[in-house]
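File shown: my_file.csv (CSV, C-alpha atoms).
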chain,number,residue,atom,x,y,z
T,1,MET,CA,172.9,-44.4,-66.2
T,2,ASN,CA,170.7,-42.2,-68.4
T,3,TYR,CA,167.1,-41.4,-67.3
T,4,ARG,CA,164.0,-40.8,-69.4
T,5,GLU,CA,160.5,-39.3,-68.9
T,6,PHE,CA,157.9,-41.9,-68.0
T,7,GLY,CA,154.8,-40.7,-69.7
T,8,ARG,CA,152.7,-38.2,-67.7
T,9,THR,CA,153.7,-39.5,-64.3
T,10,GLY,CA,156.5,-37.0,-63.7
T,11,TRP,CA,158.9,-39.8,-63.0
T,12,LYS,CA,162.4,-40.0,-64.5
T,13,VAL,CA,163.2,-43.7,-64.9
T,14,SER,CA,166.5,-45.4,-65.7
T,15,GLU,CA,166.5,-46.4,-69.3
T,16,MET,CA,167.8,-49.8,-68.3
T,17,GLY,CA,165.4,-51.2,-65.8
T,18,PHE,CA,165.3,-54.6,-64.1
T,19,GLY,CA,163.0,-57.4,-65.1
T,20,ALA,CA,162.2,-59.6,-62.2
T,21,TRP,CA,160.4,-62.6,-63.7
T,22,ALA,CA,163.5,-64.8,-63.6
T,23,ILE,CA,164.2,-64.2,-59.9
T,24,GLY,CA,160.7,-65.4,-59.0
T,25,GLY,CA,162.1,-69.0,-59.1
T,26,ASP,CA,159.8,-70.3,-61.8
T,27,ALA,CA,159.7,-70.5,-65.6
T,28,TRP,CA,163.5,-69.8,-66.0
T,29,GLY,CA,165.1,-72.9,-64.4
T,30,GLN,CA,166.8,-72.9,-61.0
T,31,THR,CA,167.4,-69.7,-59.2
T,32,ASP,CA,169.2,-68.7,-56.0
T,33,ASP,CA,167.7,-66.1,-53.7
T,34,ALA,CA,171.1,-64.8,-52.5
T,35,GLU,CA,172.2,-64.3,-56.0
T,36,ALA,CA,168.9,-62.6,-57.0
T,37,ILE,CA,169.2,-60.2,-54.1
T,38,ALA,CA,172.8,-59.4,-55.0
T,39,ALA,CA,171.7,-58.8,-58.6
T,40,LEU,CA,169.0,-56.4,-57.5
T,41,LYS,CA,171.4,-54.5,-55.3
T,42,LYS,CA,174.1,-54.3,-58.0
T,43,ALA,CA,171.5,-52.9,-60.4
T,44,ILE,CA,170.4,-50.3,-57.9
T,45,ASP,CA,174.0,-49.4,-57.1
T,46,LEU,CA,174.5,-48.8,-60.9
T,47,GLY,CA,171.6,-46.4,-61.1
T,48,VAL,CA,168.6,-48.6,-61.9
T,49,ASN,CA,165.5,-47.1,-60.3
T,50,PHE,CA,162.8,-49.1,-62.1
T,51,ILE,CA,162.0,-52.7,-61.3
T,52,ASP,CA,159.2,-54.7,-63.0
T,53,THR,CA,157.6,-57.7,-61.4
T,54,ALA,CA,154.2,-59.5,-61.1
T,55,ASP,CA,152.2,-61.2,-58.5
T,56,VAL,CA,152.4,-64.5,-60.4
T,57,TYR,CA,156.2,-64.6,-60.6
T,58,GLY,CA,157.1,-67.4,-58.1
T,59,ASN,CA,153.5,-66.9,-56.8
T,60,GLY,CA,154.6,-63.6,-55.2
T,61,HIS,CA,158.2,-64.6,-54.3
T,62,SER,CA,159.7,-62.0,-56.8
T,63,GLU,CA,157.6,-59.3,-55.1
T,64,GLU,CA,158.8,-60.3,-51.7
T,65,LEU,CA,162.5,-60.2,-52.7
T,66,ILE,CA,162.0,-56.8,-54.2
T,67,GLY,CA,160.2,-55.4,-51.2
T,68,ARG,CA,163.0,-56.7,-49.0
T,69,VAL,CA,165.7,-55.1,-51.1
T,70,ARG,CA,163.9,-51.8,-51.2
T,71,LYS,CA,163.7,-51.7,-47.5
T,72,GLU,CA,167.3,-52.8,-47.0
T,73,THR,CA,168.7,-50.3,-49.4
T,74,GLY,CA,166.5,-47.4,-48.5
T,75,GLN,CA,166.6,-46.2,-52.1
T,76,LYS,CA,163.8,-44.5,-53.9
T,77,ILE,CA,162.9,-47.3,-56.4
T,78,ILE,CA,159.9,-47.4,-58.6
T,79,ILE,CA,158.3,-50.8,-58.5
T,80,ALA,CA,155.9,-51.9,-61.2
T,81,THR,CA,153.9,-55.0,-60.6
T,82,LYS,CA,151.2,-56.8,-62.5
T,83,ALA,CA,147.9,-58.5,-61.8
T,84,GLY,CA,145.5,-60.9,-63.5
T,85,ARG,CA,147.5,-63.9,-64.5
T,86,ARG,CA,146.7,-65.7,-61.2
T,87,LEU,CA,143.1,-66.1,-62.5
T,88,ASN,CA,142.2,-69.7,-63.2
T,89,PRO,CA,140.7,-69.8,-65.7
T,90,HIS,CA,142.2,-66.6,-67.1
T,91,VAL,CA,139.1,-65.1,-68.6
T,92,ALA,CA,137.9,-61.5,-69.1
T,93,GLY,CA,135.1,-61.9,-66.5
T,94,GLY,CA,137.7,-62.5,-63.8
T,95,TYR,CA,138.8,-58.9,-64.1
T,96,ASN,CA,136.2,-57.8,-61.7
T,97,ARG,CA,136.2,-55.5,-58.6
T,98,ALA,CA,136.5,-58.3,-56.1
T,99,ASN,CA,139.5,-60.0,-57.8
T,100,LEU,CA,141.4,-56.9,-58.8
T,101,THR,CA,141.0,-55.5,-55.2
T,102,ALA,CA,142.2,-58.8,-53.8
T,103,PHE,CA,145.2,-58.9,-56.2
T,104,VAL,CA,146.2,-55.3,-55.2
T,105,GLU,CA,145.9,-56.1,-51.5
T,106,ARG,CA,148.1,-59.1,-51.9
T,107,SER,CA,150.8,-57.2,-53.8
T,108,LEU,CA,150.7,-54.5,-51.2
T,109,GLN,CA,151.5,-57.1,-48.6
T,110,LYS,CA,154.1,-58.9,-50.6
T,111,LEU,CA,155.9,-55.6,-51.4
T,112,ASP,CA,155.5,-54.3,-47.9
T,113,THR,CA,154.2,-51.0,-49.1
T,114,GLY,CA,151.3,-48.7,-48.5
T,115,ALA,CA,150.6,-48.0,-52.2
T,116,LEU,CA,151.7,-49.6,-55.5
T,117,ASP,CA,153.8,-47.3,-57.7
T,118,LEU,CA,152.4,-48.8,-60.9
T,119,LEU,CA,149.9,-51.6,-61.3
T,120,GLN,CA,149.6,-53.2,-64.8
T,121,LEU,CA,147.0,-55.5,-66.1
T,122,HIS,CA,148.9,-58.6,-66.9
T,123,CYS,CA,148.3,-59.4,-70.6
T,124,PRO,CA,144.5,-59.8,-70.1
T,125,PRO,CA,142.3,-61.4,-72.7
T,126,SER,CA,141.7,-59.0,-75.6
T,127,GLU,CA,138.0,-58.5,-74.6
T,128,VAL,CA,139.2,-56.6,-71.4
T,129,TYR,CA,140.2,-53.7,-73.5
T,130,ASP,CA,136.6,-53.3,-74.6
T,131,MET,CA,135.4,-53.3,-70.9
T,132,PRO,CA,135.6,-49.7,-69.6
T,133,GLU,CA,134.3,-50.9,-66.2
T,134,VAL,CA,137.6,-52.6,-65.6
T,135,PHE,CA,139.5,-49.3,-66.0
T,136,GLY,CA,136.9,-47.7,-63.8
T,137,ILE,CA,137.8,-50.2,-61.0
T,138,LEU,CA,141.4,-49.2,-61.4
T,139,ASP,CA,140.4,-45.5,-61.2
T,140,ASP,CA,138.6,-46.3,-57.9
T,141,LEU,CA,141.7,-48.1,-56.5
T,142,LYS,CA,143.8,-45.1,-57.4
T,143,ARG,CA,141.4,-42.8,-55.7
T,144,GLN,CA,141.6,-45.0,-52.6
T,145,GLY,CA,145.3,-44.5,-52.5
T,146,LYS,CA,146.1,-48.2,-53.1
T,147,LEU,CA,148.0,-47.4,-56.3
T,148,ARG,CA,149.7,-44.3,-57.7
T,149,PHE,CA,149.3,-45.1,-61.4
T,150,TYR,CA,148.2,-47.9,-63.6
T,151,GLY,CA,149.0,-49.3,-67.0
T,152,VAL,CA,148.8,-52.4,-69.1
T,153,SER,CA,151.0,-55.2,-70.3
T,154,VAL,CA,150.0,-56.4,-73.7
T,155,GLU,CA,150.7,-59.2,-76.2
T,156,ARG,CA,149.7,-57.4,-79.4
T,157,VAL,CA,150.0,-53.9,-80.9
T,158,ASP,CA,146.2,-53.6,-81.5
T,159,GLU,CA,145.7,-54.2,-77.7
T,160,ALA,CA,148.2,-51.5,-76.9
T,161,ARG,CA,146.5,-49.0,-79.2
T,162,LYS,CA,143.1,-49.7,-77.7
T,163,ALA,CA,144.4,-49.5,-74.1
T,164,ILE,CA,145.8,-46.0,-74.5
T,165,THR,CA,142.4,-44.7,-75.4
T,166,TYR,CA,141.6,-44.9,-71.7
T,167,PRO,CA,142.7,-41.5,-70.3
T,168,GLN,CA,144.3,-42.8,-67.1
T,169,VAL,CA,146.4,-45.6,-68.7
T,170,GLN,CA,149.9,-44.2,-68.0
T,171,SER,CA,152.1,-46.9,-69.5
T,172,VAL,CA,152.2,-49.9,-71.9
T,173,GLN,CA,154.5,-52.8,-71.5
T,174,ILE,CA,155.2,-54.6,-74.8
T,175,ILE,CA,157.6,-57.0,-76.4
T,176,PHE,CA,160.1,-55.1,-78.6
T,177,ASN,CA,163.4,-56.3,-79.9
T,178,MET,CA,165.3,-57.0,-83.1
T,179,PHE,CA,162.9,-59.9,-83.7
T,180,ARG,CA,159.7,-57.8,-83.1
T,181,LEU,CA,159.7,-54.5,-84.9
T,182,LYS,CA,156.0,-53.9,-85.3
T,183,PRO,CA,155.6,-51.7,-82.1
T,184,ALA,CA,158.0,-49.2,-83.6
T,185,GLU,CA,156.2,-49.2,-86.9
T,186,ALA,CA,152.6,-49.1,-85.6
T,187,PHE,CA,152.4,-48.0,-82.0
T,188,PHE,CA,155.3,-45.9,-80.6
T,189,LYS,CA,154.4,-42.6,-82.4
T,190,GLU,CA,150.8,-42.8,-81.1
T,191,ALA,CA,152.0,-43.5,-77.6
T,192,ALA,CA,154.3,-40.6,-77.7
T,193,GLN,CA,151.5,-38.3,-78.9
T,194,ARG,CA,149.4,-39.3,-75.9
T,195,LYS,CA,152.5,-39.1,-73.6
T,196,VAL,CA,152.2,-42.8,-72.5
T,197,GLY,CA,155.3,-44.5,-71.0
T,198,ILE,CA,156.7,-47.5,-72.9
T,199,ILE,CA,158.2,-50.4,-71.0
T,200,VAL,CA,160.0,-52.9,-73.2
T,201,ARG,CA,160.0,-56.5,-72.1
T,202,VAL,CA,161.7,-59.6,-73.6
T,203,PRO,CA,164.4,-57.4,-75.0
T,204,LEU,CA,166.7,-60.3,-75.7
T,205,ALA,CA,164.1,-62.7,-77.0
T,206,SER,CA,164.4,-65.0,-74.0
T,207,GLY,CA,168.1,-65.1,-74.4
T,208,LEU,CA,168.3,-65.9,-78.2
T,209,LEU,CA,169.7,-62.4,-78.8
T,210,THR,CA,172.6,-63.0,-76.4
T,211,GLY,CA,174.2,-65.1,-79.1
T,212,LYS,CA,175.0,-67.8,-76.5
T,213,PHE,CA,172.5,-70.5,-77.7
T,214,GLY,CA,172.9,-73.1,-80.4
T,215,ARG,CA,170.9,-76.0,-81.8
T,216,ASP,CA,172.2,-78.3,-79.1
T,217,THR,CA,171.4,-76.0,-76.2
T,218,GLN,CA,169.3,-77.7,-73.6
T,219,PHE,CA,166.8,-76.0,-71.2
T,220,SER,CA,165.6,-77.6,-68.0
T,221,ALA,CA,162.1,-79.0,-67.7
T,222,SER,CA,161.0,-76.0,-65.5
T,223,ASP,CA,162.2,-73.5,-68.1
T,224,HIS,CA,159.5,-72.0,-70.3
T,225,ARG,CA,162.0,-72.1,-73.2
T,226,ASN,CA,161.5,-75.8,-73.0
T,227,TYR,CA,157.8,-76.2,-72.3
T,228,ASN,CA,156.2,-73.1,-74.0
T,229,ARG,CA,157.8,-73.0,-77.4
T,230,HIS,CA,154.5,-73.4,-79.1
T,231,GLY,CA,152.4,-71.5,-76.6
T,232,GLU,CA,151.4,-74.6,-74.5
T,233,SER,CA,151.2,-72.7,-71.2
T,234,PHE,CA,150.9,-69.0,-72.2
T,235,ASP,CA,151.2,-66.8,-75.2
T,236,GLN,CA,153.9,-68.2,-77.6
T,237,GLY,CA,155.2,-64.7,-78.1
T,238,GLU,CA,156.6,-64.6,-74.6
T,239,THR,CA,159.1,-67.4,-75.5
T,240,PHE,CA,161.8,-66.5,-78.0
T,241,SER,CA,159.4,-63.6,-79.0
T,242,GLY,CA,157.3,-66.2,-80.8
T,243,VAL,CA,160.1,-66.9,-83.3
T,244,ASP,CA,160.9,-70.5,-84.4
T,245,TYR,CA,164.1,-71.4,-82.6
T,246,ASP,CA,166.1,-72.5,-85.6
T,247,THR,CA,164.9,-69.5,-87.6
T,248,GLY,CA,166.0,-67.3,-84.7
T,249,LEU,CA,169.4,-68.8,-84.6
T,250,GLN,CA,169.8,-68.0,-88.4
T,251,ALA,CA,168.9,-64.4,-87.8
T,252,VAL,CA,171.3,-64.1,-84.8
T,253,GLN,CA,174.1,-65.3,-87.0
T,254,GLU,CA,173.4,-62.4,-89.3
T,255,LEU,CA,173.0,-59.9,-86.5
T,256,GLU,CA,176.2,-61.0,-84.8
T,257,LYS,CA,178.2,-59.6,-87.8
T,258,LEU,CA,177.0,-56.1,-86.7
T,259,VAL,CA,178.3,-56.2,-83.2
T,260,ARG,CA,181.1,-53.7,-82.6
T,261,PRO,CA,184.4,-54.7,-81.0
T,262,GLY,CA,184.3,-54.7,-77.2
T,263,GLU,CA,180.6,-55.2,-77.0
T,264,THR,CA,178.5,-58.3,-76.5
T,265,MET,CA,175.6,-59.4,-78.7
T,266,ALA,CA,173.3,-58.8,-75.7
T,267,GLN,CA,174.6,-55.2,-75.2
T,268,PHE,CA,174.2,-54.5,-78.9
T,269,ALA,CA,170.6,-55.8,-78.8
T,270,LEU,CA,169.8,-53.6,-75.8
T,271,ARG,CA,171.5,-50.5,-77.4
T,272,TRP,CA,169.5,-51.1,-80.5
T,273,ILE,CA,166.2,-50.8,-78.5
T,274,LEU,CA,167.4,-47.6,-76.8
T,275,MET,CA,167.8,-46.0,-80.2
T,276,CYS,CA,164.0,-45.5,-80.1
T,277,PRO,CA,163.4,-42.3,-78.2
T,278,GLN,CA,159.8,-43.3,-77.3
T,279,VAL,CA,161.0,-46.1,-75.1
T,280,SER,CA,161.0,-45.2,-71.5
T,281,THR,CA,162.8,-48.2,-70.0
T,282,VAL,CA,164.0,-51.7,-71.0
T,283,ILE,CA,163.4,-54.4,-68.4
T,284,ALA,CA,166.2,-56.8,-69.1
T,285,GLY,CA,166.3,-59.8,-66.7
T,286,ALA,CA,169.2,-60.7,-64.5
T,287,LYS,CA,169.7,-63.6,-62.1
T,288,ASN,CA,173.1,-62.6,-60.8
T,289,PRO,CA,175.2,-59.4,-60.3
T,290,ALA,CA,177.3,-60.0,-63.4
T,291,GLN,CA,174.3,-60.1,-65.7
T,292,ALA,CA,172.8,-57.0,-64.0
T,293,GLU,CA,176.0,-55.0,-64.6
T,294,ALA,CA,176.4,-56.2,-68.2
T,295,ASN,CA,172.8,-55.0,-68.9
T,296,THR,CA,173.4,-51.5,-67.4
T,297,VAL,CA,176.4,-50.9,-69.6
T,298,ALA,CA,174.3,-51.0,-72.8
T,299,GLY,CA,172.9,-47.5,-72.3
T,300,ASP,CA,176.4,-46.0,-72.1
T,301,LEU,CA,177.5,-47.4,-75.5
T,302,PRO,CA,177.8,-45.1,-78.5
T,303,PRO,CA,174.7,-44.8,-80.7
T,304,LEU,CA,174.3,-47.1,-83.6
T,305,ASP,CA,174.7,-45.6,-87.1
T,306,ASP,CA,172.1,-45.5,-89.8
T,307,ALA,CA,173.7,-48.2,-91.8
T,308,THR,CA,173.6,-50.6,-88.8
T,309,MET,CA,170.0,-49.8,-88.1
T,310,GLN,CA,169.1,-50.5,-91.7
T,311,LYS,CA,170.9,-53.9,-91.7
T,312,VAL,CA,168.9,-54.9,-88.6
T,313,GLN,CA,165.8,-54.0,-90.6
T,314,THR,CA,167.0,-56.1,-93.5
T,315,VAL,CA,167.5,-59.2,-91.3
T,316,TYR,CA,164.1,-58.8,-89.8
T,317,ASP,CA,162.5,-58.5,-93.2
T,318,LYS,CA,164.3,-61.6,-94.5
T,319,TYR,CA,163.8,-64.0,-91.6
T,320,LEU,CA,161.1,-62.7,-89.3
T,321,ARG,CA,158.5,-60.3,-90.7
T,322,ALA,CA,156.3,-62.8,-92.3
T,323,ARG,CA,156.3,-65.0,-89.2
T,324,VAL,CA,155.7,-62.5,-86.4
T,325,HIS,CA,154.4,-59.2,-87.9
T,326,PRO,CA,150.8,-60.4,-88.7
T,327,ARG,CA,150.3,-62.2,-85.3
T,328,TRP,CA,151.5,-59.7,-82.7

What do you get writing this file as C-alpha cells?
Amino acid sequence: MNYREFGRTGWKVSEMGFGAWAIGGDAWGQTDDAEAIAALKKAIDLGVNFIDTADVYGNGHSEELIGRVRKETGQKIIIATKAGRRLNPHVAGGYNRANLTAFVERSLQKLDTGALDLLQLHCPPSEVYDMPEVFGILDDLKRQGKLRFYGVSVERVDEARKAITYPQVQSVQIIFNMFRLKPAEAFFKEAAQRKVGIIVRVPLASGLLTGKFGRDTQFSASDHRNYNRHGESFDQGETFSGVDYDTGLQAVQELEKLVRPGETMAQFALRWILMCPQVSTVIAGAKNPAQAEANTVAGDLPPLDDATMQKVQTVYDKYLRARVHPRW
C-alpha cells in the first residue's frame, strides 16, 4: 500500500481508502454485517488506514460497524464521517449550531470515540458555501475537541472552489472518475496550491466502470441504481456519476479495450484515478473481503502511459463531456 499526504493535517493516508456507504445496509441492495466486518478487516490488514462513512448510511449503522472494527483491531485508523443529510427538509437553514452539534454528538456515540477525526458537511445546498457562520460553528466544535479536522463533500466543482476559501477546510470529497474529468481540469490544481486533501468518491461510477453490467442487468428495488437514475431521491450525479446508463455502457466498451492483461476493468479505473498526484485517497466501496482486496491491488499496478491517458480523454470527449461537464 502506498500512502499520500492529506492536505495540511499531517496525516499520511492510504491512497486506496474504504468507502462505507454500501455496508450501511441501504441504497445498495442487500448486505450482510458479517461480510461487511470481514471486508473492513481485510482492507485494514492490507494497509488501508482511511475509512469514509456518514451518519445517514443505514441511519448510523455504517458508523457503528466501523467503530466496532476499530476497537476490535486496535489499529490506528482515520475515520471520516459526514453530517447534514439527515435533515428533513434538507435546506441551508438546517445547518445551524443546534443541528450540527447534535449530529456530531450522535456520530461520536455511534463511532464510540471521543473526537471525530474528520467531519465533512454532506453535500449541503449550495447556499451553505456562502454562509460563513456555518464554518464558524465547525471551528467552535473543533475548539471544543469534538472533531480534529473538518472538510466538505460536494456535488459540483464550483462548490469545491468556494469551500476551500474557508481557511480551516482541510479536505474536499468529490466525484472523479473516467466519466467525470472536470475536477482535474478545473479544481485539483487550486486545491493543491492551498494544500487541501482530496477524497475521491464514486470512483467506479456506481459499478458501471467495473465492466460487469449490461443492458439486461437488474438492480433491486432498494438499490439507488434502480430508483435514483434521474435524481429522484438525491443528486443524480451520485448514481452512475450522472451518466445515462446506455451511454455509460457504450463508453465502457471503448475503455475496456485499454485494460492491460492480468488487470480488471475496475482496477484499471482505480489506477487511472491514482495517476493524479493531487488525489489523497480513493474511497472505493466493498461489501465483502474479495472486493476489498481487489480494490487495494490497484495502487500497486504499473503507471498508465501517456497514450492510454489520452485515449481515456478521447472517450470522455466523445461520449460524456457534453452530458456531464456543464452540470457538475

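Ranking T:Gly47, T:Gly299, T:Gly214, T:Gly145 by their shortest atom-to-atom distance to Leu108 (chain T), with only C-alpha atoms included, puts T:Gly145 first.
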
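Minimum atom-to-atom distances from T:Val152, T:Val243, T:Ala22, T:Ile283 to Leu138 (chain T) were compared using all atoms listed in the file, and the lowest value belongs to T:Val152.
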
For Asp45 (chain T): contacts at 12 Å, all atoms listed in the file, fewer than 2 positions along chain excluded, given as a tab-separated table (two decimals) with C-alpha atoms, in the frame of the given file:
chain	number	residue	atom	x	y	z
T	1	MET	CA	172.90	-44.40	-66.20
T	38	ALA	CA	172.80	-59.40	-55.00
T	39	ALA	CA	171.70	-58.80	-58.60
T	40	LEU	CA	169.00	-56.40	-57.50
T	41	LYS	CA	171.40	-54.50	-55.30
T	42	LYS	CA	174.10	-54.30	-58.00
T	43	ALA	CA	171.50	-52.90	-60.40
T	47	GLY	CA	171.60	-46.40	-61.10
T	48	VAL	CA	168.60	-48.60	-61.90
T	49	ASN	CA	165.50	-47.10	-60.30
T	69	VAL	CA	165.70	-55.10	-51.10
T	70	ARG	CA	163.90	-51.80	-51.20
T	73	THR	CA	168.70	-50.30	-49.40
T	74	GLY	CA	166.50	-47.40	-48.50
T	75	GLN	CA	166.60	-46.20	-52.10
T	76	LYS	CA	163.80	-44.50	-53.90
T	77	ILE	CA	162.90	-47.30	-56.40
T	289	PRO	CA	175.20	-59.40	-60.30
T	292	ALA	CA	172.80	-57.00	-64.00
T	293	GLU	CA	176.00	-55.00	-64.60
T	296	THR	CA	173.40	-51.50	-67.40

| field | Separation of CA of Gln144 (chain T) from CA of Gln120 (chain T), in Å and rounded to one decimal | value | 16.7 Å

| task | With a distance cut-off of 9 Å and all atoms listed in the file, select the neighbouring residues of Leu121 (chain T), excluding the residue or stretch itself and same-chain residues fewer than 6 positions from it, and output the selection as number ranges by chain. | result | T: 81-85, 150-154

| message | Need the shell around Gln170 (chain T): protein/DNA/RNA residues with any atom at most 12 Å away, counting all atoms listed in the file. Skip same-chain ones fewer than 4 positions apart. Format as a ChimeraX atom specification? | response | /T:5-11,80,117-121,135,138-139,148-153,160,163-166,191-192,194-199,280

| Near-Ser241 (chain T) list (7 Å; all atoms listed in the file; drop same-chain fewer than 2 positions) as a ChimeraX atom specification | /T:179,205,237-239,243

| request: Please tell me which residues are no farther than 9 Å from (138.2, -60.1, -68.8) in the file, counting all atoms listed in the file, and write them as an NGL selection string. | output: :T and (90-96 or 124-129 or 131 or 134)

Write out as CSV a residue-level contact list of region 217-297 of chain T versus region 307-310 of chain T with cut-off 12 Å: for each qualifying residue the closest pair of atoms and the distance in Å to one decimal, counting only C-alpha atoms, rows sorted by chain and residue number upward.
residue,atom,partner,partner_atom,distance
T:Glu254,CA,T:Thr308,CA,11.8
T:Leu255,CA,T:Thr308,CA,9.6
T:Glu256,CA,T:Thr308,CA,11.4
T:Lys257,CA,T:Thr308,CA,10.2
T:Leu258,CA,T:Thr308,CA,6.8
T:Val259,CA,T:Thr308,CA,9.2
T:Arg260,CA,T:Thr308,CA,10.2
T:Phe268,CA,T:Thr308,CA,10.7
T:Ala269,CA,T:Met309,CA,11.1
T:Arg271,CA,T:Met309,CA,10.8
T:Trp272,CA,T:Met309,CA,7.7
T:Ile273,CA,T:Met309,CA,10.4
T:Leu274,CA,T:Met309,CA,11.8
T:Met275,CA,T:Met309,CA,9.0
T:Cys276,CA,T:Met309,CA,10.9

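Relative to CA of Gln278 (chain T), CA of Glu133 (chain T) is found at 28.8 Å.
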
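Of the listed residues T:Ala98, T:Val324, T:Leu87, T:Val157, the one whose atoms come nearest to Val56 (chain T) is T:Leu87, with distances taken using all atoms listed in the file.
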
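The space separating CA of Arg156 (chain T) from CA of Asp52 (chain T) comes to 19.1 Å.
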
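Closest approach to Lys146 (chain T) among T:Lys162, T:Leu100, T:Cys123, T:Arg201: T:Leu100, based on only C-alpha atoms.
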